[in-house]
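Novice: Got a file for you: model.cif, mmCIF, C-alpha atoms.
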data_upload
#
loop_
_atom_site.label_atom_id
_atom_site.label_comp_id
_atom_site.auth_asym_id
_atom_site.auth_seq_id
_atom_site.Cartn_x
_atom_site.Cartn_y
_atom_site.Cartn_z
CA MET U 1 -50.20 -20.45 90.33
CA GLY U 2 -53.03 -19.97 87.90
CA ASP U 3 -54.67 -23.22 89.01
CA GLN U 4 -54.53 -22.27 92.63
CA ARG U 5 -56.05 -18.93 91.88
CA ALA U 6 -58.90 -20.47 89.96
CA LYS U 7 -59.57 -22.81 92.85
CA ARG U 8 -59.67 -19.95 95.29
CA ASN U 9 -62.14 -18.14 93.08
CA GLU U 10 -64.39 -21.15 93.21
CA ASP U 11 -64.22 -21.17 96.98
CA LYS U 12 -65.15 -17.52 97.06
CA GLY U 13 -68.04 -18.13 94.67
CA GLN U 14 -70.67 -17.75 97.34
CA GLY U 15 -69.40 -14.25 98.06
CA ILE U 16 -71.09 -13.05 94.88
CA SER U 17 -74.55 -12.25 96.11
CA PRO U 18 -76.05 -8.89 95.26
CA ALA U 19 -76.16 -6.03 97.76
CA ARG U 20 -75.01 -8.08 100.72
CA GLU U 21 -73.77 -6.25 103.75
CA MET U 22 -70.03 -6.31 103.98
CA PRO U 23 -69.12 -7.95 107.29
CA PRO U 24 -66.72 -5.95 109.38
CA PRO U 25 -63.23 -7.32 108.88
CA ASP U 26 -62.83 -8.56 112.44
CA ASP U 27 -59.82 -10.67 111.65
CA VAL U 28 -56.85 -8.59 112.68
CA SER U 29 -54.54 -10.04 110.07
CA THR U 30 -57.09 -9.33 107.30
CA VAL U 31 -57.33 -5.73 108.45
CA SER U 32 -53.60 -5.23 108.46
CA LEU U 33 -53.27 -6.98 105.10
CA LEU U 34 -55.95 -4.77 103.56
CA ARG U 35 -54.19 -1.74 105.00
CA GLU U 36 -50.93 -2.83 103.41
CA LEU U 37 -52.76 -3.47 100.16
CA VAL U 38 -54.39 -0.05 100.17
CA ALA U 39 -51.05 1.60 100.84
CA HIS U 40 -49.61 -0.22 97.85
CA LEU U 41 -52.50 0.81 95.62
CA ARG U 42 -52.24 4.42 96.76
CA LYS U 43 -48.53 4.53 96.11
CA ASN U 44 -48.87 3.18 92.59
CA ARG U 45 -52.02 5.14 91.84
CA THR U 46 -50.82 6.96 88.73
CA GLN U 47 -49.23 3.95 87.13
CA LEU U 48 -52.11 1.54 87.86
CA ARG U 49 -54.69 4.02 86.78
CA GLU U 50 -52.96 4.51 83.47
CA GLU U 51 -52.64 0.80 83.00
CA TRP U 52 -56.34 0.44 83.68
CA ALA U 53 -57.31 3.21 81.26
CA ARG U 54 -55.10 1.57 78.64
CA ARG U 55 -56.85 -1.76 79.17
CA ILE U 56 -60.29 -0.12 78.92
CA THR U 57 -59.34 1.48 75.61
CA ALA U 58 -57.87 -1.80 74.35
CA ALA U 59 -61.10 -3.63 75.24
CA LYS U 60 -63.06 -0.89 73.38
CA LEU U 61 -65.21 -0.17 76.43
CA LEU U 62 -66.83 3.21 77.17
CA GLY U 63 -66.78 4.09 73.48
CA ALA U 64 -69.43 6.73 74.13
CA MET U 65 -66.99 8.85 76.15
CA THR U 66 -63.97 10.89 75.09
CA SER U 67 -60.63 9.71 76.44
CA GLU U 68 -60.40 12.72 78.82
CA GLU U 69 -63.81 11.98 80.27
CA MET U 70 -62.97 8.36 80.56
CA PHE U 71 -59.74 9.13 82.37
CA ALA U 72 -61.49 11.49 84.80
CA GLU U 73 -64.17 8.91 85.47
CA ALA U 74 -61.56 6.19 85.83
CA THR U 75 -59.68 8.29 88.39
CA SER U 76 -62.70 8.78 90.58
CA VAL U 77 -63.70 5.13 90.28
CA TYR U 78 -60.16 4.14 91.21
CA ASP U 79 -60.10 6.37 94.29
CA ASN U 80 -63.49 5.17 95.43
CA TYR U 81 -62.49 1.60 94.84
CA VAL U 82 -59.41 1.93 97.01
CA GLU U 83 -61.34 3.79 99.68
CA VAL U 84 -63.96 1.08 99.93
CA LEU U 85 -61.23 -1.54 100.12
CA GLU U 86 -59.84 0.39 103.06
CA THR U 87 -63.01 1.26 104.98
CA GLY U 88 -65.38 -1.48 103.84
CA ALA U 89 -68.19 1.12 103.77
CA VAL U 90 -70.61 -0.34 101.25
CA GLU U 91 -73.13 2.51 101.70
CA ALA U 92 -70.68 5.06 100.36
CA LEU U 93 -69.98 2.82 97.39
CA GLN U 94 -73.68 2.32 96.75
CA ALA U 95 -74.19 6.06 96.74
CA TYR U 96 -71.23 6.48 94.43
CA ALA U 97 -72.50 3.75 92.08
CA ARG U 98 -75.88 5.46 91.92
CA ASP U 99 -74.28 8.79 91.22
CA LEU U 100 -72.00 7.29 88.59
CA SER U 101 -74.92 5.53 86.89
CA GLU U 102 -76.91 8.75 86.86
CA ARG U 103 -74.07 10.45 85.01
CA ILE U 104 -73.19 7.73 82.52
CA ILE U 105 -76.56 6.16 81.64
CA PRO U 106 -77.72 9.21 79.66
CA ARG U 107 -74.44 8.92 77.70
CA GLY U 108 -75.43 5.50 76.43
CA VAL U 109 -73.10 3.38 78.54
CA GLU U 110 -74.27 -0.23 78.65
CA THR U 111 -74.41 -2.56 81.64
CA ASP U 112 -71.74 -4.88 80.24
CA GLU U 113 -69.36 -1.93 79.88
CA VAL U 114 -69.76 -0.89 83.50
CA VAL U 115 -69.30 -4.44 84.77
CA GLY U 116 -66.44 -4.83 82.29
CA ILE U 117 -64.46 -1.84 83.53
CA VAL U 118 -64.89 -2.79 87.18
CA LEU U 119 -63.72 -6.33 86.46
CA LEU U 120 -60.79 -4.92 84.47
CA LEU U 121 -59.78 -2.78 87.43
CA ARG U 122 -60.02 -5.80 89.68
CA ASP U 123 -57.79 -7.67 87.27
CA VAL U 124 -55.26 -4.84 86.92
CA LEU U 125 -54.94 -4.52 90.68
CA ALA U 126 -54.65 -8.27 91.16
CA ARG U 127 -51.85 -8.42 88.61
CA SER U 128 -50.00 -5.64 90.35
CA LEU U 129 -50.30 -7.64 93.60
CA PHE U 130 -48.91 -10.72 91.86
CA ALA U 131 -45.99 -8.69 90.62
CA LYS U 132 -45.29 -7.25 94.05
CA TYR U 133 -45.58 -10.42 96.11
CA GLN U 134 -44.43 -13.04 93.63
CA THR U 135 -41.38 -13.83 95.73
CA ASP U 136 -43.43 -14.63 98.86
CA PHE U 137 -46.07 -17.13 97.87
CA GLN U 138 -47.58 -17.45 101.38
CA LEU U 139 -48.05 -13.73 101.74
CA LEU U 140 -49.50 -13.45 98.23
CA ASN U 141 -52.07 -16.07 99.11
CA ARG U 142 -53.15 -14.21 102.21
CA ILE U 143 -53.20 -10.88 100.40
CA LEU U 144 -55.46 -12.32 97.72
CA ASP U 145 -57.68 -13.88 100.39
CA ALA U 146 -58.23 -10.41 101.78
CA TYR U 147 -58.44 -8.67 98.44
CA GLU U 148 -60.72 -10.87 96.34
CA PRO U 149 -63.89 -11.01 98.51
CA ALA U 150 -63.72 -7.25 98.92
CA ALA U 151 -63.15 -6.75 95.21
CA ASN U 152 -66.02 -9.08 94.35
CA ARG U 153 -68.34 -7.15 96.60
CA ILE U 154 -67.33 -3.90 94.99
CA ALA U 155 -67.98 -5.28 91.50
CA ASN U 156 -71.32 -6.54 92.69
CA THR U 157 -72.36 -3.31 94.33
CA VAL U 158 -71.48 -1.28 91.26
CA ALA U 159 -73.32 -3.65 88.92
CA VAL U 160 -76.40 -3.78 91.13
CA GLY U 161 -76.36 -0.01 91.56
CA PHE U 162 -76.19 0.44 87.81
CA VAL U 163 -79.05 -1.94 87.12
CA GLN U 164 -81.17 -0.37 89.86
CA GLU U 165 -80.59 3.08 88.45
CA ARG U 166 -81.63 1.80 85.02
CA GLU U 167 -84.80 0.31 86.42
CA ARG U 168 -85.57 3.53 88.25
CA ILE U 169 -85.21 5.48 84.99
CA ILE U 170 -87.43 2.98 83.16
CA ARG U 171 -90.11 3.29 85.81
CA GLN U 172 -89.92 7.05 85.70
CA GLN U 173 -90.22 7.07 81.92
CA GLN U 174 -93.16 4.69 81.96
CA GLU U 175 -94.89 7.06 84.34
CA ALA U 176 -94.12 9.99 82.08
CA ILE U 177 -95.38 8.17 79.00
CA ARG U 178 -98.56 7.27 80.81
CA GLU U 179 -99.12 10.88 81.81
CA LEU U 180 -98.26 12.34 78.44
CA SER U 181 -100.09 9.90 76.27
CA THR U 182 -103.62 10.81 77.30
CA PRO U 183 -104.15 14.49 76.57
CA VAL U 184 -107.71 15.77 76.52
CA LEU U 185 -107.76 18.73 74.19
CA GLN U 186 -110.39 21.34 73.57
CA VAL U 187 -110.54 22.26 69.88
CA ARG U 188 -113.65 24.38 70.00
CA GLU U 189 -116.07 25.64 72.58
CA ARG U 190 -117.68 22.50 74.08
CA LEU U 191 -115.79 20.12 71.79
CA LEU U 192 -112.98 17.90 73.11
CA ILE U 193 -110.72 15.53 71.28
CA LEU U 194 -108.94 12.60 72.87
CA PRO U 195 -106.28 11.10 70.62
CA ILE U 196 -105.27 7.65 71.86
CA ILE U 197 -101.87 6.35 70.81
CA GLY U 198 -100.27 3.05 71.66
CA VAL U 199 -101.42 0.13 73.72
CA ILE U 200 -104.43 0.37 76.01
CA ASP U 201 -104.41 -1.85 79.08
CA SER U 202 -106.96 -1.84 81.88
CA GLN U 203 -105.03 0.64 83.99
CA ARG U 204 -104.57 3.05 81.12
CA ALA U 205 -108.19 2.69 80.04
CA ARG U 206 -109.31 3.60 83.55
CA GLN U 207 -106.99 6.58 83.70
CA LEU U 208 -108.11 7.66 80.26
CA THR U 209 -111.77 7.51 81.21
CA GLU U 210 -111.21 9.40 84.44
CA GLN U 211 -109.27 12.10 82.64
CA LEU U 212 -111.91 12.40 79.94
CA LEU U 213 -114.76 12.63 82.45
CA ARG U 214 -112.92 15.33 84.38
CA GLY U 215 -112.26 17.12 81.08
CA ILE U 216 -115.93 16.97 80.14
CA ARG U 217 -116.86 18.49 83.47
CA THR U 218 -114.29 21.29 83.52
CA ASN U 219 -114.71 22.26 79.85
CA ARG U 220 -118.48 21.74 79.90
CA ALA U 221 -118.09 19.64 76.78
CA LYS U 222 -121.06 18.44 74.78
CA VAL U 223 -119.24 16.42 72.14
CA VAL U 224 -116.08 14.34 72.45
CA VAL U 225 -114.14 12.89 69.52
CA ILE U 226 -112.03 9.87 70.51
CA ASP U 227 -109.47 9.18 67.81
CA ILE U 228 -107.95 5.69 67.85
CA THR U 229 -105.88 5.95 64.66
CA GLY U 230 -102.80 5.35 66.80
CA VAL U 231 -104.10 2.17 68.42
CA ALA U 232 -102.45 -0.78 66.73
CA ALA U 233 -104.65 -3.59 67.92
CA MET U 234 -107.82 -4.05 69.84
CA ASP U 235 -109.28 -7.05 71.63
CA ALA U 236 -112.57 -7.61 73.40
CA THR U 237 -111.30 -6.19 76.69
CA VAL U 238 -110.12 -2.96 75.12
CA ALA U 239 -113.31 -2.64 73.08
CA ASN U 240 -115.34 -3.01 76.26
CA HIS U 241 -113.23 -0.34 77.92
CA LEU U 242 -114.07 1.92 75.01
CA VAL U 243 -117.77 1.16 75.35
CA GLN U 244 -117.56 1.99 79.07
CA THR U 245 -115.86 5.28 78.31
CA VAL U 246 -118.59 6.16 75.83
CA GLU U 247 -121.36 5.30 78.27
CA ALA U 248 -119.79 7.15 81.18
CA SER U 249 -119.44 10.24 78.98
CA ARG U 250 -123.08 9.96 78.01
CA LEU U 251 -124.08 9.95 81.68
CA LEU U 252 -122.41 13.34 81.92
CA GLY U 253 -124.45 14.51 78.95
CA ALA U 254 -121.70 14.36 76.31
CA THR U 255 -121.95 12.64 72.95
CA VAL U 256 -118.94 10.57 71.92
CA ILE U 257 -117.76 10.09 68.35
CA VAL U 258 -115.13 7.42 67.76
CA THR U 259 -112.89 7.90 64.75
CA GLY U 260 -109.97 6.18 63.06
CA LEU U 261 -110.95 2.52 63.29
CA SER U 262 -108.61 0.71 60.93
CA PRO U 263 -109.97 -2.06 58.64
CA GLU U 264 -108.18 -4.65 60.79
CA ILE U 265 -109.71 -3.37 64.01
CA ALA U 266 -113.14 -3.16 62.39
CA GLN U 267 -112.81 -6.76 61.28
CA THR U 268 -111.64 -7.91 64.69
CA LEU U 269 -114.54 -6.18 66.40
CA VAL U 270 -117.09 -7.70 64.02
CA THR U 271 -115.52 -11.14 64.38
CA ILE U 272 -115.47 -11.16 68.18
CA GLY U 273 -118.93 -9.65 68.21
CA VAL U 274 -118.42 -6.60 70.41
CA ASP U 275 -121.59 -4.54 70.52
CA LEU U 276 -120.59 -1.19 69.14
CA GLY U 277 -124.15 -0.27 68.32
CA LYS U 278 -124.16 2.39 71.02
CA MET U 279 -121.15 4.01 69.48
CA ASN U 280 -121.13 6.78 66.98
CA THR U 281 -118.26 6.06 64.59
CA VAL U 282 -116.84 8.17 61.77
CA GLY U 283 -114.02 7.20 59.43
CA ASP U 284 -111.30 9.68 60.27
CA LEU U 285 -110.56 12.50 62.68
CA GLN U 286 -111.50 15.17 60.15
CA GLY U 287 -114.88 13.55 59.56
CA GLY U 288 -115.32 13.20 63.31
CA ILE U 289 -114.67 16.87 63.95
CA GLU U 290 -117.00 17.86 61.12
CA GLU U 291 -119.73 15.64 62.57
CA ALA U 292 -119.13 17.15 66.01
CA GLU U 293 -119.39 20.66 64.60
CA ARG U 294 -122.66 19.71 62.99
CA LEU U 295 -123.96 18.41 66.32
CA LEU U 296 -122.90 21.65 68.01
CA GLY U 297 -124.50 23.74 65.28
CA TYR U 298 -121.29 25.14 63.80
CA LYS U 299 -120.88 25.67 60.10
CA VAL U 300 -117.38 26.25 58.80
CA THR U 301 -117.35 28.41 55.70
CA PRO U 302 -114.30 29.68 53.78
CA PHE U 303 -113.81 33.40 54.29
CA SER U 304 -113.96 34.10 50.52
CA GLU U 305 -117.47 32.68 50.33
CA ILE U 306 -118.65 34.84 53.21
CA SER U 307 -117.27 38.07 51.74
CA GLN U 308 -119.03 37.41 48.44
CA GLN U 309 -122.39 37.26 50.13
CA PRO U 310 -124.24 40.57 50.49
CA ILE U 311 -124.40 41.67 54.07
CA MET C 312 -136.14 13.28 103.31
CA GLU C 313 -138.54 14.96 100.94
CA VAL C 314 -137.21 16.20 97.60
CA PRO C 315 -138.54 19.65 96.68
CA ILE C 316 -140.19 19.78 93.26
CA LEU C 317 -140.20 23.22 91.69
CA LYS C 318 -142.32 24.29 88.79
CA GLN C 319 -140.50 26.39 86.21
CA GLY C 320 -142.66 27.25 83.21
CA LEU C 321 -143.43 24.04 81.39
CA TYR C 322 -140.90 22.05 83.40
CA LEU C 323 -140.68 20.44 86.81
CA ILE C 324 -137.33 20.54 88.57
CA ALA C 325 -136.58 18.01 91.32
CA SER C 326 -133.43 19.09 93.10
CA ILE C 327 -132.04 16.38 95.34
CA GLN C 328 -130.51 17.96 98.46
CA ALA C 329 -128.99 15.01 100.30
CA ALA C 330 -128.43 11.30 100.01
CA LEU C 331 -131.77 9.52 99.55
CA SER C 332 -133.06 6.22 100.91
CA ASP C 333 -134.74 3.74 98.60
CA LEU C 334 -138.11 4.80 99.94
CA ASP C 335 -137.37 8.49 99.27
CA LEU C 336 -136.56 7.62 95.68
CA VAL C 337 -139.83 5.74 95.24
CA HIS C 338 -141.69 8.73 96.70
CA LEU C 339 -139.91 11.06 94.32
CA ARG C 340 -140.80 8.85 91.36
CA ASP C 341 -144.47 8.71 92.31
CA ALA C 342 -144.68 12.42 93.15
CA LEU C 343 -143.20 13.41 89.80
CA ALA C 344 -145.38 11.03 87.84
CA GLU C 345 -148.39 12.55 89.55
CA LYS C 346 -147.34 16.20 89.25
CA VAL C 347 -146.51 15.89 85.55
CA GLY C 348 -150.22 15.39 84.94
CA LYS C 349 -151.35 17.94 87.50
CA PHE C 350 -149.21 20.80 86.13
CA ARG C 351 -149.36 19.66 82.51
CA ALA C 352 -145.56 19.73 82.46
CA ARG C 353 -143.64 19.03 79.24
CA GLY C 354 -140.34 18.23 80.85
CA VAL C 355 -138.79 17.00 84.09
CA ILE C 356 -135.28 17.64 85.36
CA VAL C 357 -133.83 15.55 88.18
CA ASP C 358 -130.68 17.12 89.62
CA VAL C 359 -128.44 14.49 91.22
CA THR C 360 -125.35 16.69 91.71
CA VAL C 361 -125.10 15.96 95.43
CA LEU C 362 -125.32 12.18 95.09
CA ASP C 363 -121.93 10.55 95.40
CA VAL C 364 -123.33 7.02 95.11
CA MET C 365 -125.73 5.65 92.55
CA ASP C 366 -126.63 2.02 93.15
CA SER C 367 -128.68 -0.33 91.02
CA PHE C 368 -131.91 0.52 92.81
CA ALA C 369 -131.40 4.24 92.33
CA SER C 370 -130.60 3.93 88.65
CA ARG C 371 -133.52 1.58 88.07
CA THR C 372 -135.88 3.95 89.84
CA LEU C 373 -134.61 6.89 87.80
CA ARG C 374 -135.06 4.90 84.62
CA ASP C 375 -138.59 3.94 85.62
CA LEU C 376 -139.28 7.57 86.46
CA ALA C 377 -138.16 8.67 83.00
CA HIS C 378 -140.30 6.07 81.29
CA MET C 379 -143.34 6.83 83.46
CA THR C 380 -143.20 10.57 82.79
CA ARG C 381 -142.69 9.95 79.09
CA LEU C 382 -145.91 7.90 79.06
CA ARG C 383 -147.63 10.84 80.73
CA GLY C 384 -146.34 13.30 78.14
CA ALA C 385 -143.14 14.76 79.63
CA GLU C 386 -139.47 14.18 78.80
CA THR C 387 -137.12 13.56 81.72
CA VAL C 388 -133.47 14.48 81.82
CA ILE C 389 -131.08 13.52 84.62
CA VAL C 390 -128.48 16.22 85.28
CA GLY C 391 -125.34 16.58 87.39
CA ILE C 392 -123.98 13.04 87.53
CA GLN C 393 -120.43 13.34 88.94
CA PRO C 394 -117.55 11.94 86.87
CA GLU C 395 -116.62 9.43 89.60
CA VAL C 396 -120.23 8.33 89.92
CA ALA C 397 -120.52 7.90 86.15
CA PHE C 398 -117.39 5.80 86.07
CA ALA C 399 -118.57 3.61 88.92
CA MET C 400 -121.96 3.21 87.26
CA VAL C 401 -120.64 1.96 83.93
CA GLN C 402 -118.38 -0.47 85.75
CA LEU C 403 -121.43 -1.88 87.49
CA GLY C 404 -123.26 -1.98 84.16
CA LEU C 405 -125.75 0.70 85.21
CA THR C 406 -125.98 2.84 82.10
CA LEU C 407 -129.44 4.41 82.41
CA GLU C 408 -130.35 3.16 78.98
CA GLY C 409 -133.03 5.15 77.20
CA VAL C 410 -132.73 8.01 79.68
CA ASP C 411 -131.42 11.41 78.63
CA THR C 412 -128.64 12.98 80.64
CA ALA C 413 -127.04 16.42 80.73
CA LEU C 414 -124.09 18.03 82.46
CA ASP C 415 -125.96 20.38 84.78
CA LEU C 416 -129.26 22.20 85.29
CA GLU C 417 -128.52 24.79 82.61
CA GLU C 418 -127.71 22.12 80.05
CA GLY C 419 -130.80 20.18 81.06
CA LEU C 420 -133.04 23.20 80.48
CA ALA C 421 -131.43 23.84 77.09
CA PHE C 422 -131.90 20.19 76.19
CA LEU C 423 -135.60 20.22 77.11
CA ASP C 424 -136.15 23.50 75.24
CA LYS C 425 -134.74 21.92 72.11
CA LYS C 426 -136.62 18.68 72.53
CA THR C 427 -140.02 20.16 73.31
CA LYS C 428 -139.69 22.70 70.50
CA ARG C 429 -139.01 19.86 68.07
CA HIS C 430 -142.10 18.06 69.33
CA ALA C 431 -144.19 21.22 69.08
CA SER C 432 -143.11 21.91 65.51
CA ARG C 433 -143.80 18.31 64.57
CA GLY C 434 -147.20 18.33 66.24
#
How does the structure come out when it is put into structure tokens?
Specialist:
Amino acid sequence: MGDQRAKRNEDKGQGISPAREMPPPDDVSTVSLLRELVAHLRKNRTQLREEWARRITAAKLLGAMTSEEMFAEATSVYDNYVEVLETGAVEALQAYARDLSERIIPRGVETDEVVGIVLLLRDVLARSLFAKYQTDFQLLNRILDAYEPAANRIANTVAVGFVQERERIIRQQQEAIRELSTPVLQVRERLLILPIIGVIDSQRARQLTEQLLRGIRTNRAKVVVIDITGVAAMDATVANHLVQTVEASRLLGATVIVTGLSPEIAQTLVTIGVDLGKMNTVGDLQGGIEEAERLLGYKVTPFSEISQQPI
Amino acid sequence: MEVPILKQGLYLIASIQAALSDLDLVHLRDALAEKVGKFRARGVIVDVTVLDVMDSFASRTLRDLAHMTRLRGAETVIVGIQPEVAFAMVQLGLTLEGVDTALDLEEGLAFLDKKTKRHASRG
């Protein structure tokens, strides 16, 4: 029996293609078989669900969830699974998979766990079908013919939905990082600082420059300190972006001071021969702000020294 | 379209009102170079706030203007370059080298005050 089943799985191999529309089960016998199947699964819901939950625990899947949560989730997956087997409505399943992913991804559930539990359910249900129809081999064959393609599609849809949800979250986070990582801050009247952290690519450099130029305009800045302590590496392209930023700021009448060049970056820049002659560089952010204050005509004096002076 | 040139104390202020043709720019350059001598001006401000394009000819003409007026005894400062224009300019490699720039008219006046005072104290 096992051999035959393996062979059938091979034949159904082409059924595993992501997000494919489920063809309407036009074959009357398939429809009636699926209906019988669904009735069986509904009848044995409690028992099969428990069996499934037991198998999930045994396989150490969904470790991030408590057993109650897991059981609740398993119940709803089970019901949806059976419903899709009955109606063949892939859209509803896709929506459910998205919803499920939204709930479980923040809990640290991995892709292999999700695929694992769906495949376990498929296995649990198949075994229950074996047990029920083991006396009638012909009928079992036809039942499995109806069941397996549908089950494969469900596994597929859930896996694809999960991965898509992940990708959506990654995209969203990238966007957020991009937005957050380029703050233009005013530290004093007419003095802005722009701390750059992480990797600068062309797109980010452009965004950075645009944001800085807008900041210069709205804050009427005269001096800008760009701190690149948080930039790990710099190549010729990035250095040229920096030079462009400095020059564009100058066209708006602002002086730029670049601070926080690490020894490695300094060496790289000298080696590749980027012309940083137009740039005003100071060792660290503190020095940069002090230089900027000097340019703006500020003098910071400790309060104690002021109070000692005669007024 | 003629650019009005206003005299304000020791300075001349050229306030561009609309997009200029190449010929208008050349006229502006020549008029300023001439008026610097006529009014004995110490500084020139060219306000380009309304320009939303600055091509290579325009930036070269402005640079020439600055150098010409400097030779005739007046400092020039370009004011009001828009952020988008500035960004486009550096991408095209037009950086107005050797020309002073300021955010707006007010800043330009403050800049010239500082610069001419320094010259006066030195001289």
Novice: So the first atom is CA of Pro302 (chain U) and the second is CA of Val224 (chain U); what is the distance between them in Å, to one decimal place?
Specialist: 24.2 Å
Novice: Applied to this file, what does the PyMOL selection byres ((chain C and resi 349) around 12) return in terms of residues, put as a PyMOL selection string?
Specialist: chain C and resi 318+321-323+342-348+350-353+380+383-385
Novice: Apply the PyMOL selection byres ((chain U and resi 72-89) around 7) to the displayed file and report the matching residues as a compact mmCIF listing (two decimals) with C-alpha atoms, in the coordinates of the input.
Specialist:
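Output contents, as saved in out-v1.txt:
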# COMPACT_ATOMS: atom_id res chain seq x y z
CA MET U 22 -70.03 -6.31 103.98
CA LEU U 34 -55.95 -4.77 103.56
CA ARG U 35 -54.19 -1.74 105.00
CA VAL U 38 -54.39 -0.05 100.17
CA ARG U 49 -54.69 4.02 86.78
CA ALA U 53 -57.31 3.21 81.26
CA GLU U 68 -60.40 12.72 78.82
CA GLU U 69 -63.81 11.98 80.27
CA MET U 70 -62.97 8.36 80.56
CA PHE U 71 -59.74 9.13 82.37
CA VAL U 90 -70.61 -0.34 101.25
CA GLU U 91 -73.13 2.51 101.70
CA ALA U 92 -70.68 5.06 100.36
CA LEU U 93 -69.98 2.82 97.39
CA ALA U 150 -63.72 -7.25 98.92
Novice: Please find the residues of chain U near chain C - the criterion being any atom within 8 Å, counting only C-alpha atoms - and write them as a list in words.
Specialist: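 Interface list for chain U against chain C: Thr209, Glu210, Leu213, Arg214, Arg217, Arg220, Gln244, Thr245, Glu247, Ala248, Ser249, Arg250, Leu251, Leu252, Gly253 and Ala254 of chain U.
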Novice: Return the single residue from U:Leu61, U:Ile177, U:Ala233, U:Ile200 that is closest to Val115 (chain U), with distances computed using all atoms listed in the file.
Specialist: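 Among the listed residues, U:Leu61 lies closest to Val115 (chain U).
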Novice: Expanded to explicit residues, what is the PyMOL selection byres ((chain U and resi 111) around 12) for this file, as a ChimeraX atom specification?
Specialist: /U:61-62,101,104-105,108-110,112-118,158-167
Novice: Could you please determine the separation between CA of Leu373 (chain C) and CA of Asn280 (chain U) in Å, to one decimal place?
Specialist: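 A separation of 24.8 Å between them.
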Novice: Go through U:Arg171, U:Gln211, U:Ala239, U:Ser67 and flag the residue nearest Val270 (chain U), using only C-alpha atoms for the distances.
Specialist: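 When distances to Val270 (chain U) are compared using only C-alpha atoms, the smallest one comes from U:Ala239.
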Novice: Grab the CA of Gln267 (chain U) to CA of Val231 (chain U) distance for me, in Å with one decimal place.
Specialist: 14.4 Å
Novice: Would you kindly return, as a PyMOL selection string, each protein, DNA or RNA residue with an atom no farther than 9 Å from any atom of Ser332 (chain C), considering all atoms listed in the file and excluding same-chain residues fewer than 5 positions away?
Specialist: chain C and resi 312+337+369
Novice: Next, dump the selected residues to file, keeping only C-alpha atoms, as a PDB file, in the frame of the given file.
Specialist:
ATOM      1  CA  MET C 312    -136.140  13.280 103.310  1.00  0.00           C
ATOM      2  CA  VAL C 337    -139.830   5.740  95.240  1.00  0.00           C
ATOM      3  CA  ALA C 369    -131.400   4.240  92.330  1.00  0.00           C
TER       4      ALA C 369
END
Novice: Could you work out an axis-aligned bounding box for all listed atoms of region 342-359 of chain C, with 5 Å added on each of the six sides, and give its centre and edge lengths in Å to one decimal, as lines of an AutoDock Vina configuration file?
Specialist:
center_x = -139.9
center_y = 15.9
center_z = 86.2
size_x = 32.9
size_y = 19.8
size_z = 23.9
Novice: Which one of C:Ala330, C:Ala421, C:Leu382, C:Ile316 sits closest to Leu362 (chain C) if you count all atoms listed in the file?
Specialist: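 Using all atoms listed in the file, Leu362 (chain C) sits closest to C:Ala330.
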Novice: Identify which of the residues C:Leu331, C:Gly354, C:Leu336, C:Ser367 lies closest to Leu317 (chain C), counting all atoms listed in the file when measuring atom-to-atom distances.
Specialist: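 Smallest distance to Leu317 (chain C) is found for C:Gly354.
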Novice: Export region 393-402 of chain C of the preceding structure, keeping N, CA and C atoms, as a short mmCIF file (atom, residue, chain, number, x, y, z; two decimals), in the first residue's frame.
Specialist:
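Writing done, so here's decode-v5.cif:
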data_model
loop_
_atom_site.label_atom_id
_atom_site.label_comp_id
_atom_site.auth_asym_id
_atom_site.auth_seq_id
_atom_site.Cartn_x
_atom_site.Cartn_y
_atom_site.Cartn_z
N GLN C 393 16.68 77.20 -4.76
CA GLN C 393 15.75 76.23 -4.17
C GLN C 393 16.45 74.90 -3.90
N PRO C 394 16.03 74.18 -2.86
CA PRO C 394 16.65 72.89 -2.55
C PRO C 394 16.69 71.95 -3.77
N GLU C 395 15.57 71.85 -4.50
CA GLU C 395 15.53 70.94 -5.65
C GLU C 395 16.52 71.38 -6.72
N VAL C 396 16.59 72.71 -6.91
CA VAL C 396 17.51 73.24 -7.91
C VAL C 396 18.96 72.93 -7.51
N ALA C 397 19.24 73.12 -6.22
CA ALA C 397 20.60 72.86 -5.73
C ALA C 397 20.98 71.41 -5.96
N PHE C 398 20.04 70.53 -5.67
CA PHE C 398 20.30 69.11 -5.83
C PHE C 398 20.56 68.75 -7.29
N ALA C 399 19.71 69.31 -8.16
CA ALA C 399 19.89 69.05 -9.59
C ALA C 399 21.23 69.59 -10.06
N MET C 400 21.61 70.77 -9.55
CA MET C 400 22.86 71.39 -9.98
C MET C 400 24.07 70.53 -9.63
N VAL C 401 24.13 70.06 -8.38
CA VAL C 401 25.32 69.28 -8.02
C VAL C 401 25.37 67.98 -8.81
N GLN C 402 24.19 67.44 -9.14
CA GLN C 402 24.20 66.21 -9.94
C GLN C 402 24.74 66.45 -11.33
#
